[in-house]
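S.K.: Contents of final_30.cif (mmCIF, C-alpha atoms):
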data_entry
#
loop_
_atom_site.label_atom_id
_atom_site.label_comp_id
_atom_site.auth_asym_id
_atom_site.auth_seq_id
_atom_site.Cartn_x
_atom_site.Cartn_y
_atom_site.Cartn_z
CA MET A 2 -95.46 90.51 36.16
CA ARG A 3 -94.23 90.80 39.74
CA ILE A 4 -90.94 92.37 40.80
CA VAL A 5 -89.33 91.11 44.00
CA VAL A 6 -86.13 91.66 45.94
CA ASP A 7 -84.04 88.60 45.14
CA ASP A 8 -81.55 87.03 47.56
CA LEU A 9 -79.88 85.18 44.67
CA SER A 10 -80.42 81.79 46.26
CA GLY A 11 -82.79 80.40 43.63
CA ARG A 12 -81.47 78.23 40.81
CA ARG A 13 -83.45 80.05 38.09
CA THR A 14 -82.15 83.47 39.12
CA VAL A 15 -78.56 82.21 39.38
CA GLU A 16 -78.76 80.64 35.89
CA PHE A 17 -80.35 83.80 34.48
CA LEU A 18 -77.56 85.99 35.89
CA ARG A 19 -74.82 83.59 34.80
CA ALA A 20 -76.19 83.78 31.25
CA HIS A 21 -76.11 87.59 31.54
CA VAL A 22 -72.47 87.65 32.67
CA GLY A 23 -71.50 85.10 30.00
CA GLN A 24 -73.15 87.09 27.24
CA LEU A 25 -71.51 90.37 28.30
CA ARG A 26 -68.09 88.74 28.57
CA ALA A 27 -68.52 87.34 25.04
CA ILE A 28 -69.41 90.78 23.63
CA SER A 29 -66.98 93.10 25.41
CA PRO A 30 -63.22 92.88 25.97
CA PRO A 31 -62.31 91.73 29.51
CA GLU A 32 -61.00 95.17 30.53
CA SER A 33 -64.33 96.72 29.45
CA THR A 34 -66.68 94.21 31.08
CA HIS A 35 -67.96 95.85 34.26
CA THR A 36 -70.70 93.41 35.16
CA LEU A 37 -70.92 92.13 38.72
CA ASP A 38 -70.70 88.40 39.28
CA LEU A 39 -72.90 86.69 41.89
CA ASP A 40 -70.51 87.49 44.74
CA GLY A 41 -70.49 91.15 43.68
CA LEU A 42 -74.28 91.21 43.54
CA ARG A 43 -74.48 89.73 47.05
CA ARG A 44 -72.56 92.62 48.62
CA PRO A 45 -74.48 94.63 51.26
CA GLU A 46 -74.52 97.82 49.17
CA VAL A 47 -76.34 96.03 46.32
CA THR A 48 -80.05 95.24 46.03
CA VAL A 49 -81.16 92.90 43.26
CA TRP A 50 -84.70 92.60 41.91
CA SER A 51 -86.01 89.87 39.67
CA ALA A 52 -89.11 90.13 37.50
CA TRP A 53 -91.36 87.10 37.20
CA ASP A 54 -94.21 86.06 34.96
CA GLY A 55 -95.69 83.20 36.92
CA GLU A 56 -92.78 80.87 37.65
CA THR A 57 -90.62 82.22 34.82
CA ILE A 58 -87.94 84.83 35.41
CA VAL A 59 -88.25 87.49 32.71
CA GLY A 60 -85.80 90.12 33.91
CA CYS A 61 -83.52 91.44 36.60
CA GLY A 62 -81.81 94.61 37.69
CA ALA A 63 -79.76 95.85 40.61
CA LEU A 64 -78.97 99.03 42.47
CA ARG A 65 -75.54 99.58 44.00
CA ARG A 66 -75.12 102.41 46.49
CA LEU A 67 -72.00 104.43 45.71
CA ASP A 68 -72.50 106.88 48.59
CA GLU A 69 -75.39 108.36 50.57
CA THR A 70 -76.92 110.18 47.61
CA HIS A 71 -75.56 108.44 44.50
CA ALA A 72 -76.37 104.94 43.24
CA GLU A 73 -75.60 102.91 40.14
CA ILE A 74 -77.84 100.64 38.09
CA LYS A 75 -76.25 97.22 37.55
CA SER A 76 -77.18 93.92 35.89
CA MET A 77 -80.20 95.01 33.85
CA ARG A 78 -81.29 92.07 31.74
CA THR A 79 -84.47 90.98 29.98
CA ALA A 80 -85.07 87.38 28.96
CA PRO A 81 -84.44 87.11 25.21
CA ALA A 82 -87.99 85.85 24.59
CA ARG A 83 -89.42 88.93 26.38
CA LYS A 84 -87.39 91.71 24.75
CA ARG A 85 -89.43 94.75 23.75
CA SER A 86 -92.38 93.62 25.87
CA GLY A 87 -92.07 96.25 28.62
CA VAL A 88 -90.08 94.18 31.12
CA ALA A 89 -87.05 96.49 31.08
CA SER A 90 -89.19 99.61 31.39
CA ARG A 91 -91.06 98.23 34.39
CA LEU A 92 -87.81 97.14 36.06
CA LEU A 93 -86.10 100.45 35.38
CA GLU A 94 -89.06 102.39 36.73
CA HIS A 95 -89.00 100.20 39.85
CA ILE A 96 -85.25 100.77 40.38
CA VAL A 97 -85.55 104.54 39.86
CA ASP A 98 -88.37 104.66 42.44
CA ALA A 99 -86.34 102.56 44.90
CA ALA A 100 -83.31 104.85 44.51
CA ARG A 101 -85.47 107.91 45.10
CA GLU A 102 -87.10 106.33 48.17
CA ALA A 103 -83.62 105.48 49.51
CA GLY A 104 -82.69 109.18 49.37
CA CYS A 105 -80.55 109.11 46.24
CA ASN A 106 -80.56 112.30 44.22
CA ARG A 107 -78.37 110.91 41.43
CA LEU A 108 -78.58 107.60 39.60
CA SER A 109 -75.86 106.57 37.13
CA LEU A 110 -74.96 103.61 34.96
CA GLU A 111 -72.37 102.21 32.60
CA THR A 112 -73.39 100.38 29.45
CA GLY A 113 -71.67 99.33 26.28
CA SER A 114 -70.97 101.52 23.25
CA ALA A 115 -71.40 98.66 20.73
CA GLU A 116 -74.50 98.39 18.54
CA PHE A 117 -75.70 95.47 20.71
CA PHE A 118 -76.30 97.97 23.55
CA ALA A 119 -78.19 100.54 21.43
CA PRO A 120 -81.64 99.43 22.69
CA ALA A 121 -80.43 99.76 26.30
CA ARG A 122 -79.05 103.25 25.67
CA ALA A 123 -82.36 104.24 24.03
CA LEU A 124 -84.30 102.93 27.03
CA TYR A 125 -82.13 104.86 29.48
CA ARG A 126 -82.50 108.06 27.44
CA LYS A 127 -86.27 107.55 27.37
CA PHE A 128 -86.13 107.51 31.19
CA GLY A 129 -84.21 110.78 31.38
CA PHE A 130 -80.62 109.54 31.56
CA ALA A 131 -78.01 111.62 29.74
CA ASP A 132 -74.40 110.89 28.81
CA CYS A 133 -71.88 111.89 31.47
CA GLU A 134 -68.25 111.53 32.44
CA PRO A 135 -67.08 108.32 34.13
CA PHE A 136 -68.15 108.15 37.77
CA GLY A 137 -67.01 106.16 40.78
CA ASP A 138 -64.04 103.93 39.91
CA TYR A 139 -64.71 103.97 36.15
CA ARG A 140 -62.23 105.41 33.66
CA GLU A 141 -62.68 106.60 30.08
CA ASP A 142 -63.21 103.56 27.85
CA PRO A 143 -64.18 103.54 24.16
CA ASN A 144 -66.31 100.44 24.87
CA SER A 145 -68.36 102.18 27.58
CA VAL A 146 -71.06 104.82 27.69
CA PHE A 147 -71.69 106.50 31.05
CA MET A 148 -75.10 107.97 31.82
CA THR A 149 -76.68 109.73 34.76
CA ARG A 150 -79.98 111.15 35.91
CA HIS A 151 -80.75 113.51 38.76
CA LEU A 152 -83.72 112.45 40.86
CA HIS A 153 -86.21 114.66 42.62
CA VAL A 154 -86.16 113.36 46.17
CA PRO A 155 -89.09 114.23 48.47
CA GLU A 156 -87.96 116.38 51.35
CA VAL A 157 -89.65 117.37 54.58
CA CYS A 158 -90.36 121.07 54.66
CA PRO A 159 -90.46 122.85 58.00
CA SER A 160 -93.86 124.16 58.97
CA PRO A 161 -94.23 127.88 59.63
CA GLY A 162 -94.11 127.15 63.38
CA GLY A 163 -90.70 125.45 63.11
CA GLY A 164 -91.92 121.84 63.51
CA ALA A 165 -91.96 119.07 60.93
CA GLY A 166 -94.19 119.86 58.04
CA HIS A 167 -95.42 118.22 54.90
CA VAL A 168 -93.51 116.28 52.31
CA THR A 169 -92.95 117.95 48.96
CA ALA A 170 -91.35 116.80 45.77
CA GLY A 171 -88.16 118.71 45.07
#
Taking this structure as input, can you express it in the form of structure tokens?

M.R.:
Amino acid sequence: MRIVVDDLSGRRTVEFLRAHVGQLRAISPPESTHTLDLDGLRRPEVTVWSAWDGETIVGCGALRRLDETHAEIKSMRTAPARKRSGVASRLLEHIVDAAREAGCNRLSLETGSAEFFAPARALYRKFGFADCEPFGDYREDPNSVFMTRHLHVPEVCPSPGGGAGHVTAG
């Protein structure tokens, strides 16, 4: 499986994401559906990755910068035929690493509270996310679960002589 930054110009990716949005809109009430459409995913503060097995898209995920140190996971989806095969874990690990490398020290997400979203909530908890209050523009919603994780961002430590030193994990 290869994970690549996706410019959302390919037909397969567009169809995959449209199916994602359609499914979420069918499950959640309109006021509780916080998924980004293609225009939202094309905004400059959003990076989208797609996961491929050969020529088949098997997953996607996005990272939206909220500010200089806080980002949000958006549009996580695994192809139905590939659920529970490690695609989501690999994508989530990739997104967490990208957020850390971009200098984020907090990574948050919103997901559904319905039983359909239970596997997603379990995955996020496995990766160290914990329930939190609404963040950004979100408001309390019985159909939403908000989660966050603090990241250890490498920082440059000054050397004893006052110059730049080595990089350490914080």

S.K.: Using Å and a single decimal, report how far atom CA of A:Glu73 sits from atom CA of A:Trp53.

M.R.: 22.5 Å

S.K.: Would you pick out the contacts of stretch 54-58 of chain A at 12 Å or less, using only C-alpha atoms, so that residues sharing its chain but fewer than 3 positions from it are not included, and give the list as number ranges by chain?

M.R.: A: 2-5, 7, 11-18, 50-51, 61-62, 78-83, 86, 88

S.K.: Given the file shown, determine the residues that the PyMOL selection byres ((chain A and resi 101) around 12) selects; report them as a list of chain:residue names.

M.R.: A:Leu64, A:Arg66, A:Glu69, A:Thr70, A:His71, A:Ala72, A:Glu94, A:His95, A:Ile96, A:Val97, A:Asp98, A:Ala99, A:Ala100, A:Glu102, A:Ala103, A:Gly104, A:Cys105, A:Asn106, A:Arg107, A:Leu108, A:Arg150, A:His151, A:Leu152, A:His153, A:Val154, A:Pro155, A:Glu156, A:Ala170, A:Gly171

S.K.: Since I can't run it myself right now, could you work out what the PyMOL selection byres ((chain A and resi 141-143) around 10) selects here and report it as a list of chain:residue names?

M.R.: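 That selection, the PyMOL selection byres ((chain A and resi 141-143) around 10), comes back as A:Glu32, A:Ser33, A:Gly113, A:Ser114, A:Ala115, A:Glu134, A:Pro135, A:Phe136, A:Tyr139, A:Arg140, A:Asn144, A:Ser145, A:Val146, A:Phe147.
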
S.K.: With distances taken over only C-alpha atoms, which of A:Glu111, A:Asp138, A:Asp132, A:Glu116 is nearest to A:Met77?

M.R.: A:Glu111

S.K.: Of the candidates A:Arg26, A:Arg126, A:His35, A:Arg44, which shows the shortest atom-to-atom distance to A:Leu93, using all atoms listed in the file?

M.R.: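 Smallest separation from A:Leu93 among the options: A:Arg126.
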
S.K.: Could you jot down the atom CA of A:Val6 to atom CA of A:Gly60 separation for me, Å, one decimal place?

M.R.: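 Spanning atom CA of A:Val6 to atom CA of A:Gly60 is a straight-line distance of 12.1 Å.
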
S.K.: What separation in Å, quoted to one decimal, exists between atom CA of A:Gly87 and atom CA of A:Thr34?

M.R.: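 Taking atom CA of A:Gly87 as the start and atom CA of A:Thr34 as the end point, the length is 25.6 Å.
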